[in-house]
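To keep things clear, I will list the structure first and then write my remarks on it.
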Amino acid sequence: MNGIDKRACQEVLFSGVGPSSDCGLFLIKEVKFVVRTCVKIVGHRRLLILRLYGRGENQKDNPILTYTVFQSSNTFITYDHRPETKTHWRTAMLQNLERVYSFSTSRCAFYSKTDEERVIAFCSLLIKGQHWSDGFTALDMLQESIRERELTQTDRKRREKVRAKMKDLRPLPKDLEGWLRREVLPAYFFYDSKKGKAPVKGVCSACGSEFLQEQAKHNETGVCPCCGRLFTMKSNGRHGRLWDRVTASVVQRYDEDKLIVRIVKGSFYAKKGDMGEVDYYEKTRIIIGMGKDGKPYEEPYHDEFGFSKITTWRKGYPPVMYLYQSNFNAETCGFLYCKNLDRELRGTPWQYCQLKAFYNGIQDEMQIAPYLRVFRMIPAIEFFVKLRLYWLVTHLVYKTGYSGASSVINLQGRNLREVLQIEPVDLPILQQPGAKVERLMLLRAFRRWGYQPDADFFDWAEQYSVCDERLLERALHYATPYKVMRYLKQQFVRRKADSSWEYRDTVSDYKDYLCSCEKLGYNLKDEFILFPKNLEQAHDQTQCLVRLDEVKRYDKQIAADEQKLKKRYQFEADGLVVLPPHTAGEIVSEGQRLHHCVGSYVESVVKKDCVILFIRKAEDKLTPFYTVEVHSDKVSQVRGANNCVPTSEVKEFLDLWKAKKHLDIAA
């Protein structure tokens with residue numbers, strides 16, 4: 001019988017006799033609890049009962065029963081009598097009941113010598129060969145031995161379950177070591193240097209082939225004529241210790257509807273003058289399957305390098321960081337062993353996942369488990385890989401996942417036109433190297449306004465980091481892409497912009513100018529209005545015409561959001577503070593006093609399209625200083641007076657704020 005009958009224990013909770021109110025032990029300041037003990041048969045078990053009494057509120061009040069500890073031969077439990085506690089039954093050891101070092105010995109005292117001897121006698125019967133002169137030490141030793149035994153049993157059960165999961169795994173591929181040497185680990189050409197320019201004979205560490213190399217030079221690179229690997233030349237007389245490490249993944253079938261990804265750590269070690277050795281070990285295993293809720297899951301295990309006779313594998317990922325350094329063994333991004341993929345995936349739900357094609361397409365290291373997991377939720381990944389849209393697959397797998405995929409693609413679409421919301425003839429633009437999700441969004445904007453894709457426009461937008469349909473779509477509504485591009489290029493020259501961030505500011509100003517013109521009812525079909533000669537001046541003029549009384553109707557809603565924004569964004573450091581607006585009028589006034597366009601953002605703030613925040617000096621919070629636009633927790637703009645960029649002081653403050661609030665700069 002392992003457990004203690006709580007119901008039976010509750011019947012004897014208050015049956016003991018506590019110390020009197022004039023107990024002299026309470027005169028000692030260090031003593032917080034006086035302990036009374038007894039041994040009783042409770043629930044058919046012989047239990048040692050310890051009752052801990054605390055001081056009353058007044059000196060003449062009776063001591064208050066605070067804890068009652070029930071100790072048996074193989075377990076213990078404590079009842080917490082305090083009325084404010086949420087959980088009355090506790091399993092903590094006596095020394096851990098309160099967060100105080102040496103709680104039992106330094107803050108508790110037995111009421112009498114008999115109480116202490118009763119504890120010593122009870123513990124001595126259970127732990128043979130031990131003789132204690134202190135009752136608290138005896139009880140602590142007994143409880144520690146019980147807790148250690150419980151942890152050992154729990155650990156054994158856990159390891160037995162892990163061993164059962166791993167017992168049917170097949171061995172790793174026999175040629176894994178050779179594959180690591182030939183294709184993954186860095187290659188070297190070891191040779192004995194000679195005077196003169198004559199070819200020297202050496203050996204390629206990747207394929208083991210011996211050949212003559214012309215113009216061999218230590219630490220220069222070359223290509224092996226036998227295996228085609230790029231290698232580094234190493235003179236046997238000059239190179240010291242060489243040590244390279246890589247991460248690789250092997251995918252195997254776990255059962256009919258599960259896969260296991262086995263993370264292998266490979267290494268190459270060569271001392272001075274030798275050819276080097278390749279070694280590897282398995283560190284992480286990740287089981288991929290579908291849960292009962294219909295969602296894919298990852299079940300990771302890692303090797304502890306321990307000495308357990310049952311298994312050294314433990315559930316969970318290895319720790320990412322050690323003291324002062326990252327843990328190489330925790331890295332799961334690496335090279336993929338492809339030779340067995342077709343065989344292992346055949347007949348599984350991942351048969352058509354195109355993992356090998358994607359890996360060969362990106363030609364880079366990758367994390368395998370997220371790809372396999374997301375594929376079960378987005379089977380369209382198969383077709384994206386076949387269309388060589390590797391950037392889109394990367395975005396879906398490693399950035400948004402299934403939950404955010406609907407913002408990029410139509411998961412219910414039946415064909416390419418419905419899924420990507422573009423025309424089939426647009427595919428070559430998306431298949432170009434360096435394409436990103438921003439290009440897809442801008443391409444959709446082109447189609448919405450009836451324009452044919454313009455390669456020059458896309459190259460220009462990506463060159464200056466303005467490939468964002470939210471910045472350009474309003475302009476494309478009124479003018480052709482060529483006219484928009486030509487006009488903005490002229491404004492870039494006028495402003496003498498010399499960075500991508502400043503180019504983005506110009507495009508953003510143009511978008512704000514068009515919004516203001518729409519509010520003012522201007523005729524944007526007139527090119528004189530659509531393309532003002534001086535955008536900066538026209539931008540400021542239209543902002544001044546946005547009347548304060550037009551936005552007063554939004555005051556109530558903006559004020560209602562103030563407390564929520566304070567909790568999320570308010571921050572103070574180095575004499576500066578970030579504050580949210582209290583009224584719509586404050587936003588308009590901010591733009592008028594700093595001579596920028598934030599006054600036109602009131603409606604967007606109310607619609608939750610963006611968040612506007614004020615940077616003020618802590619000593620003068622009423623005077624505008626800088627204004628910040630935040631979109632989806634990314635800082636889109638930071639403007640000061642006359643649209644000036646932040647100073648170094650403000651930039652340092654922004655870095656602190658973003659780190660504290662986990663914000664980011666928009667791309």
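Chains: A, B, ... in order of the structure tokens. Residues: from 1 per chain. Ligands: from 1, in order shown.
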Open item on the list: If you run DSSP on the backbone here, which positions in stretch 212-248 of chain A get strand (DSSP E)? Please write them as a list of chain:residue names.
Closed with: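 After running DSSP on the backbone, stretch 212-248 of chain A has strand (DSSP E) at A:Leu212, A:Gln213, A:Thr221, A:Gly222, A:Val223, A:Leu230, A:Phe231, A:Thr232, A:Met233, A:Lys234, A:Ser235, A:Leu242, A:Trp243, A:Asp244, A:Arg245, A:Val246, A:Thr247, A:Ala248.
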Go ahead and save the residues from that selection, with N, CA and C atoms, as a short mmCIF file (atom, residue, chain, number, x, y, z; two decimals), in the first residue's frame.
data_model
loop_
_atom_site.label_atom_id
_atom_site.label_comp_id
_atom_site.auth_asym_id
_atom_site.auth_seq_id
_atom_site.Cartn_x
_atom_site.Cartn_y
_atom_site.Cartn_z
N LEU A 212 47.86 14.40 -59.44
CA LEU A 212 48.82 15.51 -59.49
C LEU A 212 48.07 16.83 -59.55
N GLN A 213 48.51 17.77 -58.76
CA GLN A 213 47.89 19.09 -58.71
C GLN A 213 48.92 20.14 -59.12
N THR A 221 42.33 27.15 -52.88
CA THR A 221 41.26 26.22 -53.21
C THR A 221 41.46 25.62 -54.59
N GLY A 222 40.83 24.48 -54.80
CA GLY A 222 40.87 23.82 -56.09
C GLY A 222 39.70 22.86 -56.21
N VAL A 223 39.63 22.16 -57.35
CA VAL A 223 38.55 21.22 -57.61
C VAL A 223 39.14 19.84 -57.89
N LEU A 230 34.97 20.85 -54.31
CA LEU A 230 35.84 21.99 -54.07
C LEU A 230 36.64 21.71 -52.81
N PHE A 231 37.98 21.79 -52.87
CA PHE A 231 38.79 21.46 -51.70
C PHE A 231 39.74 22.59 -51.36
N THR A 232 40.29 22.51 -50.16
CA THR A 232 41.32 23.43 -49.69
C THR A 232 42.64 22.68 -49.64
N MET A 233 43.66 23.26 -50.20
CA MET A 233 44.97 22.59 -50.23
C MET A 233 45.66 22.75 -48.89
N LYS A 234 46.19 21.63 -48.38
CA LYS A 234 46.89 21.62 -47.10
C LYS A 234 48.22 20.90 -47.26
N SER A 235 49.30 21.62 -47.02
CA SER A 235 50.63 21.01 -47.06
C SER A 235 50.83 20.19 -45.79
N LEU A 242 43.16 19.92 -37.79
CA LEU A 242 41.95 20.28 -38.53
C LEU A 242 40.76 19.59 -37.88
N TRP A 243 39.72 20.36 -37.62
CA TRP A 243 38.53 19.77 -36.98
C TRP A 243 37.30 20.46 -37.56
N ASP A 244 36.46 19.69 -38.25
CA ASP A 244 35.23 20.21 -38.84
C ASP A 244 34.05 19.42 -38.29
N ARG A 245 32.92 20.12 -38.10
CA ARG A 245 31.70 19.48 -37.61
C ARG A 245 30.52 19.88 -38.50
N VAL A 246 29.65 18.94 -38.76
CA VAL A 246 28.46 19.22 -39.56
C VAL A 246 27.27 18.48 -38.94
N THR A 247 26.08 18.94 -39.33
CA THR A 247 24.83 18.29 -38.92
C THR A 247 24.16 17.71 -40.16
N ALA A 248 23.66 16.50 -40.02
CA ALA A 248 22.98 15.83 -41.14
C ALA A 248 21.72 15.16 -40.62
#
Picked from stretch 513-586 of chain A by DSSP as helix (DSSP H, G or I), as an mmCIF file with C-alpha atoms, in the first residue's frame:
data_model
loop_
_atom_site.group_PDB
_atom_site.id
_atom_site.type_symbol
_atom_site.label_atom_id
_atom_site.label_comp_id
_atom_site.auth_asym_id
_atom_site.auth_seq_id
_atom_site.Cartn_x
_atom_site.Cartn_y
_atom_site.Cartn_z
ATOM 1 C CA TYR A 513 -0.139 62.284 -49.944
ATOM 2 C CA LEU A 514 -2.629 60.359 -52.094
ATOM 3 C CA CYS A 515 -4.678 59.430 -49.003
ATOM 4 C CA SER A 516 -4.878 63.085 -48.013
ATOM 5 C CA CYS A 517 -5.908 64.100 -51.511
ATOM 6 C CA GLU A 518 -8.726 61.559 -51.416
ATOM 7 C CA LYS A 519 -9.974 62.953 -48.094
ATOM 8 C CA LEU A 520 -9.841 66.478 -49.465
ATOM 9 C CA GLU A 527 -1.541 64.684 -63.332
ATOM 10 C CA PHE A 528 -0.640 68.089 -61.876
ATOM 11 C CA ILE A 529 -2.224 66.926 -58.612
ATOM 12 C CA LEU A 530 -1.257 63.265 -58.991
ATOM 13 C CA LEU A 535 6.355 65.844 -53.144
ATOM 14 C CA GLU A 536 7.701 66.835 -49.750
ATOM 15 C CA GLN A 537 6.105 70.292 -49.890
ATOM 16 C CA ALA A 538 2.806 69.009 -51.317
ATOM 17 C CA HIS A 539 2.725 66.277 -48.695
ATOM 18 C CA ASP A 540 3.011 68.791 -45.833
ATOM 19 C CA GLN A 541 0.442 71.129 -47.341
ATOM 20 C CA THR A 542 -2.221 68.473 -47.678
ATOM 21 C CA GLN A 543 -1.623 67.357 -44.121
ATOM 22 C CA CYS A 544 -2.269 70.842 -42.825
ATOM 23 C CA LEU A 548 -9.039 68.622 -36.558
ATOM 24 C CA ASP A 549 -12.837 68.505 -36.232
ATOM 25 C CA GLU A 550 -13.069 65.810 -38.936
ATOM 26 C CA LYS A 552 -13.018 64.170 -33.312
ATOM 27 C CA ARG A 553 -15.585 61.425 -33.756
ATOM 28 C CA TYR A 554 -12.765 58.936 -33.238
ATOM 29 C CA ASP A 555 -11.721 60.325 -29.836
ATOM 30 C CA LYS A 556 -13.811 57.904 -27.808
ATOM 31 C CA GLN A 557 -12.463 54.794 -29.482
ATOM 32 C CA ILE A 558 -8.831 55.932 -29.383
ATOM 33 C CA ALA A 559 -9.163 56.789 -25.688
ATOM 34 C CA ALA A 560 -10.645 53.330 -25.038
ATOM 35 C CA GLU A 562 -5.084 53.814 -24.586
ATOM 36 C CA GLN A 563 -4.660 51.507 -21.565
ATOM 37 C CA LYS A 564 -4.160 48.429 -23.738
ATOM 38 C CA LEU A 565 -1.516 50.241 -25.795
ATOM 39 C CA LYS A 566 0.207 51.475 -22.645
ATOM 40 C CA LYS A 567 0.543 47.935 -21.368
ATOM 41 C CA ARG A 568 1.946 46.691 -24.678
ATOM 42 C CA TYR A 569 4.187 49.555 -25.826
ATOM 43 C CA ALA A 584 -7.509 61.710 -32.301
ATOM 44 C CA GLY A 585 -6.727 65.375 -31.891
ATOM 45 C CA GLU A 586 -3.365 64.516 -30.364
#
For A:Cys108, list every protein, DNA or RNA residue within 7 Å, evaluated using only C-alpha atoms, and leave out those in the same chain fewer than 6 positions away; present the list as a short mmCIF file (atom, residue, chain, number, x, y, z; two decimals) with N, CA and C atoms, in the first residue's frame.
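Listed below is the output, out_9.cif:
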data_model
loop_
_atom_site.label_atom_id
_atom_site.label_comp_id
_atom_site.auth_asym_id
_atom_site.auth_seq_id
_atom_site.Cartn_x
_atom_site.Cartn_y
_atom_site.Cartn_z
N VAL A 31 12.58 31.41 15.74
CA VAL A 31 11.64 30.30 15.69
C VAL A 31 10.29 30.81 15.18
N LYS A 32 9.86 30.25 14.08
CA LYS A 32 8.57 30.62 13.50
C LYS A 32 7.49 29.60 13.82
N PHE A 33 7.88 28.31 13.94
CA PHE A 33 6.91 27.26 14.20
C PHE A 33 7.39 26.37 15.35
N VAL A 34 6.44 25.96 16.20
CA VAL A 34 6.69 24.98 17.25
C VAL A 34 6.01 23.68 16.82
N VAL A 35 6.75 22.57 16.92
CA VAL A 35 6.30 21.29 16.37
C VAL A 35 5.89 20.34 17.47
#
TODO: Using only C-alpha atoms, determine which residues lie at most 12 Å from A:Phe122, disregarding the query and same-chain residues fewer than 2 positions distant; provide the list as a ChimeraX atom specification.
DONE: /A:37-40,46-50,71-73,115-120,124-128,130-132,135-136,138-139,142
Mind dumping a table of every stretch 308-409 of chain A residue within 8 Å of stretch 278-302 of chain A, with the nearest atom pair and its distance in Å to one decimal, using only C-alpha atoms, sorted by chain and rising number, as a Markdown table?
| residue | atom | partner | partner_atom | distance |
| --- | --- | --- | --- | --- |
| A:Trp313 | CA | A:His302 | CA | 5.5 |
| A:Arg314 | CA | A:Tyr301 | CA | 5.4 |
| A:Lys315 | CA | A:Tyr301 | CA | 4.3 |
| A:Gly316 | CA | A:Tyr301 | CA | 4.8 |
| A:Tyr317 | CA | A:His302 | CA | 5.7 |
| A:Pro318 | CA | A:His302 | CA | 5.8 |
| A:Asn329 | CA | A:Lys283 | CA | 6.6 |
| A:Ala330 | CA | A:Thr284 | CA | 7.9 |
| A:Thr332 | CA | A:Thr284 | CA | 8.0 |
| A:Ala369 | CA | A:Ile288 | CA | 7.0 |
| A:Leu372 | CA | A:Ile288 | CA | 7.3 |
| A:Arg373 | CA | A:Pro296 | CA | 5.6 |
| A:Val374 | CA | A:Pro296 | CA | 7.5 |
| A:Arg376 | CA | A:Pro296 | CA | 6.7 |
| A:Met377 | CA | A:Pro296 | CA | 7.5 |
Task: Contacts of stretch 419-423 of chain A at 7 Å (only C-alpha atoms; same-chain gap of 3+ positions) as a PyMOL selection string - done: chain A and resi 409-411+413-416+426+444
TODO: For A:Pro370, list every protein, DNA or RNA residue within 9 Å, evaluated using only C-alpha atoms, and leave out those in the same chain fewer than 6 positions away; present the list as a PyMOL selection string.
DONE: chain A and resi 298+397-398+401
Open item on the list: Which residues are close to A:Gly273, i.e. within 9 Å by only C-alpha atoms, leaving aside same-chain residues fewer than 6 positions away? Reply as a ChimeraX atom specification.
Closed with: /A:190,235-240
May I have the selected residues written with N, CA and C atoms, as a CSV table (one decimal), in the first residue's frame?
chain,number,residue,atom,x,y,z
A,190,PHE,N,45.6,17.0,-49.4
A,190,PHE,CA,46.8,16.9,-48.6
A,190,PHE,C,48.0,16.5,-49.5
A,235,SER,N,49.3,21.6,-47.0
A,235,SER,CA,50.6,21.0,-47.1
A,235,SER,C,50.8,20.2,-45.8
A,236,ASN,N,51.3,18.9,-46.0
A,236,ASN,CA,51.4,18.1,-44.8
A,236,ASN,C,52.4,18.6,-43.8
A,237,GLY,N,53.4,19.4,-44.3
A,237,GLY,CA,54.4,19.9,-43.3
A,237,GLY,C,53.9,21.2,-42.6
A,238,ARG,N,52.8,21.8,-43.1
A,238,ARG,CA,52.4,23.1,-42.5
A,238,ARG,C,51.1,23.1,-41.8
A,239,HIS,N,50.2,22.3,-42.1
A,239,HIS,CA,48.9,22.3,-41.5
A,239,HIS,C,48.9,21.8,-40.1
A,240,GLY,N,48.2,22.4,-39.2
A,240,GLY,CA,48.1,21.9,-37.8
A,240,GLY,C,46.9,21.0,-37.7
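In this comparison, which uses only C-alpha atoms, the residue of A:Lys607, A:Leu396, A:Pro646, A:Asp22 approaching A:Tyr626 most closely is A:Pro646.
Checking A:Cys597, A:Met485, A:Leu622, A:Ile28 one by one against A:Trp460, counting only C-alpha atoms, you find the shortest gap at A:Met485.
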- [ ] Could you tell me which of A:Leu594, A:Leu663, A:Val203, A:Ile587 comes closest to A:Cys226 if we count only C-alpha atoms?
- [x] A:Val203
Open item on the list: I'd like the interatomic distance between atom CA of A:Ser102 and atom CA of A:Glu148, to a tenth of an Å.
Closed with: 18.7 Å
Hey, which bits of stretch 392-477 of chain A sit within 12 Å of stretch 340-359 of chain A, and for each residue what's the closest pair of atoms and how far apart in Å (one decimal), counting only C-alpha atoms, rows by chain and increasing number, as JSON lines?
{"residue": "A:Leu392", "atom": "CA", "partner": "A:Phe358", "partner_atom": "CA", "distance": 11.2}
{"residue": "A:Val393", "atom": "CA", "partner": "A:Phe358", "partner_atom": "CA", "distance": 8.5}
{"residue": "A:Thr394", "atom": "CA", "partner": "A:Phe358", "partner_atom": "CA", "distance": 9.4}
{"residue": "A:Val397", "atom": "CA", "partner": "A:Phe358", "partner_atom": "CA", "distance": 11.8}
Deliver the residues from the most recent selection as a file, using C-alpha atoms, as a JSON list (two decimals), in the first residue's frame.
[["chain", "number", "residue", "atom", "x", "y", "z"],
["A", 392, "LEU", "CA", 7.12, 30.31, -51.17],
["A", 393, "VAL", "CA", 7.61, 26.88, -49.59],
["A", 394, "THR", "CA", 10.26, 28.36, -47.28],
["A", 397, "VAL", "CA", 7.12, 26.15, -43.67]]
